[in-house]
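Data from run-v2.txt: compact mmCIF, C-alpha atoms
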```txt
# COMPACT_ATOMS: atom_id res chain seq x y z
CA MET A 23 214.15 -105.65 44.13
CA THR A 24 213.11 -109.19 43.28
CA ALA A 25 209.53 -109.64 42.14
CA HIS A 26 207.40 -112.42 43.64
CA PRO A 27 203.89 -113.56 42.84
CA THR A 28 201.34 -111.32 44.51
CA THR A 29 198.41 -112.69 46.47
CA GLY A 30 195.69 -111.24 48.64
CA SER A 31 193.81 -107.95 48.62
CA GLY A 32 196.81 -105.95 49.84
CA ALA A 33 198.94 -107.28 47.01
CA ARG A 34 196.21 -106.52 44.49
CA LEU A 35 196.05 -102.94 45.82
CA VAL A 36 199.81 -102.53 45.42
CA ARG A 37 199.69 -103.97 41.92
CA TRP A 38 196.77 -101.69 40.96
CA LEU A 39 198.48 -98.56 42.35
CA ALA A 40 201.68 -99.47 40.53
CA GLY A 41 199.87 -99.70 37.19
CA GLY A 42 199.89 -103.50 37.00
CA ALA A 43 203.55 -103.91 37.97
CA ASP A 44 204.00 -107.06 40.09
CA ILE A 45 206.46 -105.48 42.49
CA ALA A 46 206.12 -108.06 45.28
CA SER A 47 203.66 -109.56 47.72
CA SER A 48 201.94 -107.06 49.98
CA ASP A 49 204.04 -107.87 53.03
CA THR A 50 207.46 -107.40 51.41
CA PRO A 51 209.61 -104.31 52.03
CA SER A 52 209.17 -102.94 48.50
CA ALA A 53 205.38 -103.16 48.68
CA ARG A 54 205.23 -101.68 52.20
CA ALA A 55 207.50 -98.85 51.09
CA TYR A 56 205.21 -98.14 48.15
CA LEU A 57 202.00 -98.11 50.22
CA LEU A 58 203.46 -96.06 53.07
CA ASN A 59 204.88 -93.56 50.59
CA VAL A 60 201.47 -93.19 48.92
CA GLY A 61 199.80 -92.66 52.30
CA ASN A 62 202.43 -90.12 53.26
CA GLY A 63 201.84 -88.24 50.01
CA ALA A 64 198.07 -88.22 50.40
CA CYS A 65 198.47 -86.61 53.84
CA THR A 66 201.02 -84.01 52.74
CA LYS A 67 199.18 -83.02 49.54
CA LEU A 68 195.98 -82.47 51.53
CA ALA A 69 197.84 -80.60 54.29
CA GLU A 70 199.46 -78.29 51.75
CA GLN A 71 196.01 -77.16 50.61
CA VAL A 72 194.33 -77.05 54.03
CA ALA A 73 196.93 -74.50 55.18
CA SER A 74 197.80 -73.11 51.74
CA PRO A 75 200.07 -70.02 51.66
CA GLU A 76 198.30 -69.06 48.45
CA LEU A 77 194.80 -68.98 49.99
CA VAL A 78 194.24 -69.99 53.61
CA LEU A 79 197.12 -68.11 55.28
CA PRO A 80 196.37 -64.82 53.45
CA TRP A 81 192.77 -65.13 54.63
CA LEU A 82 194.05 -65.73 58.15
CA LEU A 83 196.22 -62.60 58.01
CA GLY A 84 193.27 -60.62 56.73
CA ALA A 85 191.00 -61.90 59.48
CA LEU A 86 193.64 -61.01 62.08
CA GLY A 87 193.93 -57.46 60.72
CA ALA A 88 197.64 -57.90 59.93
CA PRO A 89 199.33 -55.38 57.59
CA THR A 90 198.27 -56.05 54.00
CA GLY A 91 201.83 -56.19 52.68
CA LEU A 92 202.61 -59.30 54.75
CA ALA A 93 200.27 -61.41 52.63
CA GLY A 94 202.45 -60.62 49.63
CA LEU A 95 205.46 -62.17 51.38
CA LEU A 96 203.92 -65.59 51.92
CA VAL A 97 204.53 -67.25 48.54
CA PRO A 98 208.07 -65.82 48.02
CA VAL A 99 208.98 -66.93 51.56
CA LYS A 100 207.62 -70.39 50.81
CA GLN A 101 209.62 -70.72 47.59
CA ALA A 102 212.85 -69.28 48.94
CA GLY A 103 212.71 -71.23 52.18
CA SER A 104 212.02 -74.60 50.60
CA LEU A 105 214.49 -74.44 47.69
CA ALA A 106 217.38 -72.04 48.19
CA PRO A 107 218.89 -73.51 51.43
CA GLN A 108 218.89 -77.13 50.28
CA LEU A 109 222.56 -77.18 49.42
CA LEU A 110 223.30 -76.23 53.04
CA MET A 111 221.53 -79.40 54.19
CA SER A 112 222.61 -82.02 51.67
CA GLY A 113 226.03 -82.61 53.25
CA ALA A 114 224.48 -83.35 56.65
CA ILE A 115 221.92 -85.71 55.10
CA ARG A 116 224.73 -87.57 53.33
CA ARG A 117 226.11 -88.56 56.75
CA LEU A 118 222.94 -90.52 57.58
CA ALA A 119 222.78 -94.24 56.81
CA TYR A 120 218.96 -94.06 57.15
CA ARG A 121 217.87 -90.85 55.47
CA LYS A 122 214.16 -91.29 56.12
CA TRP A 123 214.77 -89.84 59.59
CA ALA A 124 215.67 -86.51 58.00
CA TRP A 125 212.19 -86.45 56.44
CA VAL A 126 210.56 -87.48 59.72
CA ALA A 127 212.38 -84.72 61.60
CA ALA A 128 211.39 -82.20 58.92
CA GLY A 129 207.75 -83.32 59.13
CA LEU A 130 207.71 -82.85 62.89
CA VAL A 131 209.22 -79.36 62.55
CA GLN A 132 206.51 -78.52 60.03
CA THR A 133 203.91 -79.82 62.48
CA ALA A 134 205.32 -77.63 65.26
CA ALA A 135 205.50 -74.54 63.01
CA LEU A 136 201.83 -74.85 62.09
CA LEU A 137 200.77 -75.49 65.68
CA ALA A 138 202.72 -72.40 66.80
CA MET A 139 200.60 -70.26 64.46
CA ILE A 140 197.56 -70.91 66.66
CA PRO A 141 198.76 -69.10 69.83
CA ALA A 142 200.50 -66.51 67.62
CA ALA A 143 197.05 -65.42 66.45
CA TRP A 144 196.38 -63.95 69.91
CA LEU A 145 199.19 -61.41 69.56
CA SER A 146 198.65 -57.89 68.23
CA PRO A 147 197.73 -57.83 64.51
CA ALA A 148 201.20 -56.80 63.32
CA ALA A 149 203.01 -59.21 65.66
CA ALA A 150 200.67 -62.04 64.68
CA GLY A 151 201.24 -61.36 60.98
CA TRP A 152 205.02 -61.31 61.29
CA SER A 153 204.88 -64.46 63.43
CA VAL A 154 202.93 -66.31 60.74
CA VAL A 155 205.44 -65.23 58.08
CA GLY A 156 208.39 -66.26 60.28
CA LEU A 157 206.84 -69.62 61.13
CA LEU A 158 206.13 -70.21 57.44
CA LEU A 159 209.82 -69.61 56.73
CA ILE A 160 210.75 -72.27 59.32
CA PHE A 161 208.13 -74.58 57.83
CA SER A 162 209.52 -74.05 54.32
CA ILE A 163 213.15 -74.65 55.30
CA ALA A 164 212.07 -77.94 56.89
CA SER A 165 210.21 -78.74 53.67
CA GLY A 166 213.43 -78.30 51.72
CA CYS A 167 215.24 -80.71 54.02
CA GLY A 168 212.45 -83.23 53.57
CA SER A 169 212.58 -82.87 49.79
CA ILE A 170 216.21 -83.99 49.64
CA ALA A 171 215.56 -86.97 51.91
CA PHE A 172 212.34 -87.93 50.12
CA GLN A 173 213.88 -88.27 46.69
CA ASP A 174 216.83 -90.21 48.09
CA VAL A 175 214.62 -92.62 50.05
CA MET A 176 212.33 -93.09 47.06
CA GLY A 177 215.37 -93.96 44.95
CA LYS A 178 216.46 -96.58 47.51
CA THR A 179 213.07 -98.20 48.16
CA VAL A 180 211.02 -97.92 44.94
CA ALA A 181 212.06 -99.56 41.68
CA GLU A 182 212.81 -97.27 38.73
CA GLY A 183 209.95 -98.46 36.55
CA ILE A 184 207.21 -97.42 39.00
CA ARG A 185 208.48 -94.18 40.55
CA GLY A 186 206.43 -92.01 38.24
CA ARG A 187 203.27 -93.93 39.18
CA LEU A 188 204.13 -93.54 42.85
CA LEU A 189 204.32 -89.76 42.48
CA ALA A 190 201.09 -89.86 40.47
CA ASN A 191 199.32 -91.84 43.21
CA ARG A 192 200.45 -89.32 45.82
CA ALA A 193 199.21 -86.39 43.74
CA ALA A 194 195.93 -88.00 42.59
CA ILE A 195 194.82 -89.29 46.00
CA GLY A 196 195.86 -86.07 47.72
CA GLY A 197 194.06 -84.08 45.04
CA ALA A 198 190.88 -86.12 45.43
CA LEU A 199 190.94 -85.59 49.19
CA THR A 200 191.51 -81.88 48.60
CA LEU A 201 188.40 -81.69 46.42
CA LEU A 202 186.37 -83.34 49.17
CA ALA A 203 187.89 -81.06 51.80
CA GLY A 204 187.22 -77.99 49.67
CA ALA A 205 183.57 -78.94 49.26
CA GLY A 206 183.30 -79.56 53.00
CA MET A 207 184.96 -76.24 53.81
CA ARG A 208 182.58 -74.40 51.50
CA ALA A 209 179.54 -76.11 52.99
CA GLY A 210 180.70 -75.83 56.59
CA LEU A 211 182.31 -72.38 56.63
CA GLY A 212 180.22 -70.45 54.11
CA ASP A 213 181.21 -66.92 53.18
CA ASP A 214 181.71 -65.61 56.72
CA VAL A 215 185.03 -67.14 57.78
CA ALA A 216 186.02 -66.52 61.41
CA VAL A 217 189.55 -66.64 62.82
CA GLY A 218 188.68 -69.75 64.82
CA SER A 219 187.61 -71.64 61.70
CA LEU A 220 190.86 -70.74 59.92
CA LEU A 221 192.93 -71.80 62.92
CA THR A 222 191.06 -75.10 62.89
CA LEU A 223 192.25 -75.61 59.32
CA VAL A 224 195.83 -74.83 60.33
CA GLY A 225 195.58 -77.28 63.25
CA SER A 226 194.18 -79.94 60.93
CA ALA A 227 197.13 -79.44 58.58
CA ALA A 228 199.52 -79.90 61.52
CA LEU A 229 197.82 -83.19 62.39
CA LEU A 230 198.17 -84.34 58.79
CA TRP A 231 201.90 -83.54 58.80
CA ALA A 232 202.36 -85.52 62.03
CA THR A 233 200.54 -88.47 60.47
CA ALA A 234 202.69 -88.19 57.34
CA ALA A 235 205.85 -88.29 59.50
CA LEU A 236 204.61 -91.43 61.25
CA LEU A 237 203.93 -93.14 57.91
CA PHE A 238 207.33 -92.18 56.50
CA ALA A 239 209.03 -93.51 59.62
CA GLY A 240 207.58 -96.93 58.81
CA ILE A 241 209.17 -97.15 55.36
CA PRO A 242 211.62 -100.10 55.35
CA GLU A 243 214.67 -98.21 54.10
CA PRO A 244 217.86 -100.24 53.65
CA ALA A 245 221.00 -98.78 55.18
CA GLY A 246 223.04 -96.75 52.73
CA GLU A 247 226.65 -95.68 52.69
CA ARG A 248 227.44 -92.75 54.92
CA GLY A 249 228.69 -89.78 52.95
CA ASP A 250 231.65 -87.68 53.91
CA GLY A 251 229.57 -84.81 55.28
CA ARG A 252 230.92 -82.12 52.96
CA SER A 253 230.53 -78.47 53.86
CA PRO A 254 227.95 -76.34 52.00
CA LEU A 255 230.78 -74.54 50.18
CA GLU A 256 232.23 -77.85 49.04
CA GLU A 257 228.76 -79.02 48.00
CA TRP A 258 228.38 -75.85 45.92
CA ARG A 259 231.78 -76.39 44.30
CA ARG A 260 230.91 -79.98 43.49
CA GLY A 261 227.57 -78.87 42.07
CA LEU A 262 229.33 -76.36 39.83
CA ARG A 263 231.70 -79.12 38.78
CA LEU A 264 228.70 -81.23 37.81
CA LEU A 265 227.52 -78.39 35.59
CA GLN A 266 230.91 -78.34 33.90
CA ASP A 267 231.47 -82.09 33.63
CA ARG A 268 227.92 -83.37 33.04
CA PRO A 269 226.36 -81.77 29.95
CA GLY A 270 223.26 -83.93 30.42
CA PHE A 271 222.71 -82.49 33.91
CA ARG A 272 223.28 -79.00 32.53
CA ARG A 273 220.61 -79.54 29.90
CA PHE A 274 218.19 -80.81 32.54
CA LEU A 275 218.74 -77.72 34.71
CA THR A 276 218.19 -75.45 31.70
CA ALA A 277 214.88 -77.15 30.92
CA ARG A 278 213.79 -77.14 34.55
CA ALA A 279 214.58 -73.44 34.93
CA LEU A 280 212.55 -72.60 31.83
CA LEU A 281 209.66 -74.73 33.08
CA LEU A 282 209.33 -72.31 35.99
CA GLY A 283 207.30 -70.33 33.47
CA VAL A 284 204.61 -72.99 33.88
CA GLU A 285 204.89 -73.46 37.66
CA VAL A 286 204.61 -69.77 38.60
CA ALA A 287 201.88 -68.92 36.10
CA VAL A 288 198.65 -69.63 38.03
CA PRO A 289 198.39 -66.26 39.86
CA PHE A 290 198.71 -64.35 36.57
CA TYR A 291 195.97 -66.41 34.94
CA ALA A 292 193.82 -65.72 37.99
CA LEU A 293 194.40 -61.98 37.58
CA HIS A 294 193.56 -62.28 33.88
CA ALA A 295 190.32 -64.16 34.60
CA HIS A 296 189.38 -61.66 37.32
CA GLY A 297 189.73 -58.81 34.88
CA LEU A 298 187.68 -60.59 32.21
CA VAL A 299 184.79 -62.06 34.18
CA GLY A 300 184.81 -60.15 37.47
CA GLY A 301 185.62 -61.20 41.00
CA GLY A 302 182.64 -63.40 41.84
CA ILE A 303 183.23 -66.10 44.44
CA GLY A 304 181.38 -68.57 42.25
CA ASP A 305 183.80 -68.06 39.37
CA LEU A 306 186.78 -68.35 41.69
CA GLY A 307 185.47 -71.60 43.18
CA TYR A 308 184.91 -72.99 39.69
CA TYR A 309 188.49 -72.21 38.63
CA VAL A 310 189.96 -73.66 41.83
CA LEU A 311 187.95 -76.81 41.17
CA MET A 312 189.36 -77.00 37.62
CA VAL A 313 192.96 -76.77 38.85
CA GLY A 314 192.32 -79.45 41.47
CA LEU A 315 190.52 -81.67 38.99
CA ALA A 316 193.45 -81.37 36.59
CA GLY A 317 195.81 -82.87 39.16
CA VAL A 318 193.48 -85.77 39.91
CA VAL A 319 192.74 -86.60 36.27
CA ALA A 320 196.18 -86.01 34.79
CA SER A 321 198.43 -87.56 37.45
CA PRO A 322 197.91 -91.22 36.36
CA PHE A 323 198.72 -90.25 32.77
CA TRP A 324 201.82 -88.32 33.79
CA GLY A 325 202.95 -91.14 36.08
CA ALA A 326 202.78 -93.74 33.32
CA LEU A 327 204.49 -91.42 30.83
CA ALA A 328 207.24 -90.46 33.28
CA ASP A 329 207.99 -94.12 34.03
CA ASP A 330 208.35 -94.69 30.29
CA SER A 331 210.25 -91.43 29.64
CA ALA A 332 210.40 -88.55 32.13
CA ARG A 333 212.00 -86.48 29.37
CA ARG A 334 208.91 -86.84 27.19
CA ALA A 335 206.71 -85.92 30.15
CA MET A 336 208.63 -82.65 30.52
CA ILE A 337 208.35 -81.97 26.77
CA ALA A 338 204.58 -82.53 26.80
CA ALA A 339 204.09 -80.44 29.95
CA GLY A 340 205.93 -77.48 28.43
CA ALA A 341 203.88 -77.76 25.24
CA ILE A 342 200.59 -77.86 27.18
CA GLY A 343 201.73 -74.84 29.20
CA ALA A 344 202.32 -72.92 25.97
CA ALA A 345 198.92 -74.01 24.63
CA SER A 346 197.28 -72.77 27.85
CA ALA A 347 198.70 -69.30 27.24
CA ALA A 348 197.48 -69.32 23.65
CA LEU A 349 194.00 -70.37 24.78
CA ALA A 350 193.90 -67.68 27.48
CA ILE A 351 194.77 -64.93 25.00
CA THR A 352 192.49 -66.21 22.23
CA LEU A 353 189.39 -66.93 24.33
CA PRO A 354 188.38 -63.29 25.02
CA VAL A 355 188.49 -62.59 21.28
CA VAL A 356 185.92 -65.26 20.45
CA ALA A 357 183.71 -65.36 23.57
CA ALA A 358 182.11 -63.03 26.08
CA GLY A 359 179.87 -63.05 29.14
CA PRO A 360 178.96 -66.42 30.71
CA VAL A 361 180.49 -68.31 27.78
CA LEU A 362 183.84 -66.62 28.49
CA ALA A 363 183.56 -67.32 32.22
CA TRP A 364 182.86 -71.01 31.70
CA GLY A 365 185.30 -71.33 28.82
CA TYR A 366 188.14 -69.93 30.90
CA GLY A 367 187.77 -73.00 33.08
CA ALA A 368 189.40 -74.92 30.22
CA VAL A 369 192.42 -72.62 30.58
CA PHE A 370 192.82 -73.51 34.25
CA LEU A 371 192.22 -77.18 33.51
CA SER A 372 194.96 -77.28 30.87
CA LEU A 373 197.32 -75.20 33.00
CA GLY A 374 196.74 -77.51 35.98
CA ILE A 375 197.53 -80.49 33.76
CA ALA A 376 200.75 -78.79 32.64
CA VAL A 377 201.84 -77.95 36.20
CA ALA A 378 201.22 -81.54 37.32
CA GLY A 379 203.30 -82.81 34.39
CA VAL A 380 206.20 -80.45 35.10
CA ARG A 381 206.42 -81.42 38.76
CA LEU A 382 206.07 -85.13 38.24
CA GLY A 383 208.34 -85.26 35.19
CA ARG A 384 211.25 -83.31 36.66
CA LYS A 385 211.18 -85.24 39.96
CA THR A 386 211.11 -88.62 38.24
CA TYR A 387 213.85 -87.60 35.80
CA LEU A 388 216.33 -86.52 38.45
CA VAL A 389 215.76 -89.48 40.76
CA ASN A 390 216.26 -91.86 37.83
CA ALA A 391 219.25 -90.00 36.38
CA ALA A 392 221.35 -89.22 39.46
CA PRO A 393 223.82 -91.85 40.76
CA GLU A 394 222.65 -93.26 44.08
CA ASP A 395 225.65 -92.16 46.14
CA GLU A 396 225.42 -88.57 44.85
CA ARG A 397 221.63 -88.23 44.61
CA PRO A 398 221.37 -85.73 47.54
CA LEU A 399 223.96 -83.49 45.86
CA TYR A 400 222.15 -83.56 42.50
CA VAL A 401 218.76 -82.86 44.12
CA ALA A 402 220.01 -80.16 46.48
CA PHE A 403 222.11 -78.33 43.90
CA ALA A 404 219.29 -78.37 41.35
CA ASN A 405 216.73 -77.16 43.89
CA THR A 406 219.01 -74.46 45.30
CA LEU A 407 219.80 -73.09 41.86
CA VAL A 408 216.16 -73.16 40.75
CA GLY A 409 215.10 -71.69 44.11
CA LEU A 410 217.29 -68.66 43.47
CA LEU A 411 215.77 -68.34 40.02
CA ALA A 412 212.29 -68.62 41.55
CA LEU A 413 213.08 -65.53 43.64
CA ALA A 414 213.96 -63.73 40.45
CA ALA A 415 210.67 -64.93 38.98
CA ALA A 416 208.93 -62.89 41.66
CA GLY A 417 209.90 -59.93 39.47
CA LEU A 418 207.22 -61.06 37.00
CA GLY A 419 204.80 -59.10 39.18
CA LEU A 420 206.66 -55.93 38.26
CA VAL A 421 206.58 -56.96 34.61
CA ALA A 422 202.81 -57.35 34.84
CA GLU A 423 202.53 -53.87 36.37
CA VAL A 424 204.44 -52.35 33.46
CA VAL A 425 203.24 -54.28 30.40
CA GLY A 426 199.96 -55.70 31.67
CA VAL A 427 198.75 -59.18 32.58
CA PRO A 428 197.93 -60.37 29.00
CA ALA A 429 201.47 -59.54 27.82
CA THR A 430 202.89 -61.35 30.85
CA ILE A 431 200.86 -64.44 29.95
CA VAL A 432 202.27 -64.27 26.42
CA LEU A 433 205.77 -64.15 27.93
CA LEU A 434 205.02 -67.14 30.18
CA GLY A 435 203.65 -69.06 27.20
CA ALA A 436 206.80 -68.31 25.22
CA LEU A 437 208.94 -69.56 28.12
CA ALA A 438 206.90 -72.76 28.25
CA PHE A 439 207.38 -73.29 24.51
CA VAL A 440 211.14 -72.78 24.80
CA ALA A 441 211.14 -75.12 27.83
CA ALA A 442 209.54 -77.86 25.71
CA GLY A 443 212.35 -77.40 23.19
CA ALA A 444 215.00 -77.48 25.93
CA SER A 445 213.46 -80.68 27.31
CA TRP A 446 213.63 -82.17 23.82
CA MET A 447 217.38 -81.48 23.82
CA MET A 448 217.89 -83.41 27.06
CA PRO A 449 219.10 -87.01 27.03
CA GLU A 450 216.87 -89.71 28.48
CA ALA A 451 217.41 -90.09 32.22
CA SER A 452 219.26 -93.38 31.78
CA ARG A 453 221.81 -91.61 29.54
CA MET A 454 222.30 -88.36 31.46
CA GLN A 455 225.63 -89.49 32.89
CA ASP A 456 226.90 -90.66 29.50
CA VAL A 457 226.34 -87.47 27.47
CA GLY A 458 229.67 -85.86 26.72
```
Rewrite the coordinates I just gave you, this time as structure tokens.
Amino acid sequence: MTAHPTTGSGARLVRWLAGGADIASSDTPSARAYLLNVGNGACTKLAEQVASPELVLPWLLGALGAPTGLAGLLVPVKQAGSLAPQLLMSGAIRRLAYRKWAWVAAGLVQTAALLAMIPAAWLSPAAAGWSVVGLLLIFSIASGCGSIAFQDVMGKTVAEGIRGRLLANRAAIGGALTLLAGAGMRAGLGDDVAVGSLLTLVGSAALLWATAALLFAGIPEPAGERGDGRSPLEEWRRGLRLLQDRPGFRRFLTARALLLGVEVAVPFYALHAHGLVGGGIGDLGYYVLMVGLAGVVASPFWGALADDSARRAMIAAGAIGAASAALAITLPVVAAGPVLAWGYGAVFLSLGIAVAGVRLGRKTYLVNAAPEDERPLYVAFANTLVGLLALAAAGLGLVAEVVGVPATIVLLGALAFVAAGASWMMPEASRMQDVG
């Protein structure tokens, strides 16, 4: 990607978003790709919160009178659907010269799945609940397909030195819009949330996904080589061969798997806070705000660090995750009452910073490290393997039942600390292929 002098307000916007990098004038393919990718991310990050499986969809199931146990399936279905099947899709995506269309198709399927939840709400409570879970599974599988295509298209259209900032822009702008949307939802919906209001949120998320698909379709992606369309079994065999032949990739997967201890931790901290300060809506809103604020504030820092060294971003994120656990366990010993309630906001703020760092660091690392012609295989194999481990991580709920939430937080903090050490043992992304 050849750099040219930038002129005009559009060029200044591109240069500002890219952290001062003069990637090209605002009407060149590289600049258009950057801006369209940021717009796509802002839409998807907001949509993910407007129809969140962690909050909005459980409320919808509750309002519909669906069986309580179905709400517990939403997050595992989301994780399994989006990660585990990716290896089944990577071979088909390799056959495409223009892989952005795989993301566009996935975005339209996600739009349709969300829209289908609206008429499903008129079924009987049990049928409506199972329909929402099934549609979420379809949505999540499409999300996994889009994830493979997204990282490949980003690798083809965005220069290596500014990919971390691109991901940071997507997260920060989407997070800022989410904060505004959350405030609007609170002011407009109040405490008495009707089914119609929740379905309006789901419909709004569908519109955002359709807009995101339109923006991604406009990315000027250069044609790539068509892959050989390997079968899922062959993809799995090749992935296992990568584990054997690429020690650097093996070290990355080890660190990423351990960093799951940071990514799956938020519900356990919420349970811990609930037990310490009570279940007031005001406290919950404050903690949600802290997590959202963390993404907005920390994303520019993580983006700049990941562009310099994604490995160091993963190290720092693991260390902050471990510090969050230490703070959560120590805080009740030294504080009580309102001071404890407000102080625990710092726990969610630091944990949100750690989660943002893990996600941005690992994505940037793999896109930078994987060879272009095999990037879908690297991404899909890594995500499938970690998706299977994420299902196993669902067993942490049973651990919490047996040993208690505080002990589970200690365990998660220990995993984060070990993950920081494993990230330290990784090579830099530019050397992953060379480590013997």
For Pro141 (chain A), the nearest of the candidates A:Val217, A:Leu265, A:Met454, A:Ile170, counting all atoms listed in the file:
A:Val217
Within 10 Å of (215.5, -102.0, 55.3) (coordinates as in the file), grab all the protein and nucleic acid residues, counting only C-alpha atoms, and write them out as a tab-separated table (two decimals) with C-alpha atoms, in the frame of the given file.
```tsv
chain	number	residue	atom	x	y	z
A	51	PRO	CA	209.61	-104.31	52.03
A	52	SER	CA	209.17	-102.94	48.50
A	55	ALA	CA	207.50	-98.85	51.09
A	120	TYR	CA	218.96	-94.06	57.15
A	178	LYS	CA	216.46	-96.58	47.51
A	179	THR	CA	213.07	-98.20	48.16
A	241	ILE	CA	209.17	-97.15	55.36
A	242	PRO	CA	211.62	-100.10	55.35
A	243	GLU	CA	214.67	-98.21	54.10
A	244	PRO	CA	217.86	-100.24	53.65
A	245	ALA	CA	221.00	-98.78	55.18
A	246	GLY	CA	223.04	-96.75	52.73
```
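Nearest residue to Leu373 (chain A), choosing from A:Leu353, A:Ala279, A:Leu96, A:Leu315 and counting all atoms listed in the file: A:Leu315.
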Could you check which of A:Ala69, A:Ile163, A:Ala422, A:Ala442 is closest to Leu293 (chain A), using all atoms listed in the file?
A:Ala422
Within 10 Å of Met139 (chain A) using all atoms listed in the file, minus same-chain residues under 5 positions, as a ChimeraX atom specification
/A:134,144,150-151,153-158,221,224-225
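As for CA of Val126 (chain A) and CA of Ala235 (chain A), they are spaced 4.8 Å apart.
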List the neighbours of region 127-129 of chain A out to 10 Å using only C-alpha atoms; skip same-chain residues closer than 4 positions along the sequence, and give me the result as a count of residues only.
27
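Interatomic distance, CA of Met336 (chain A) to CA of Leu349 (chain A): 19.9 Å.
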Tyr291 (chain A) proximity check over A:Pro398, A:Gly261, A:Pro360, A:Gly374, using only C-alpha atoms: winner is A:Gly374
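Proximity ranking of A:Val421, A:Leu410, A:Val319, A:Ala345 relative to Phe290 (chain A) places A:Val421 first, based on all atoms listed in the file.
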To one decimal in Å, tell me the separation between CA of Phe323 (chain A) and CA of Gly63 (chain A).
17.6 Å
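Closest approach to Gly84 (chain A) among A:Gly379, A:Asn62, A:Leu220, A:Pro107 is made by A:Leu220 (distances from all atoms listed in the file).
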Would you list the contacts of Ala190 (chain A) as a tab-separated table (two decimals) with C-alpha atoms, keeping the file's coordinate frame, taking every protein, DNA or RNA residue within 7 Å and counting all atoms listed in the file, but skipping same-chain residues closer than 4 positions in sequence?
```tsv
chain	number	residue	atom	x	y	z
A	186	GLY	CA	206.43	-92.01	38.24
A	194	ALA	CA	195.93	-88.00	42.59
A	321	SER	CA	198.43	-87.56	37.45
A	322	PRO	CA	197.91	-91.22	36.36
A	324	TRP	CA	201.82	-88.32	33.79
A	325	GLY	CA	202.95	-91.14	36.08
```
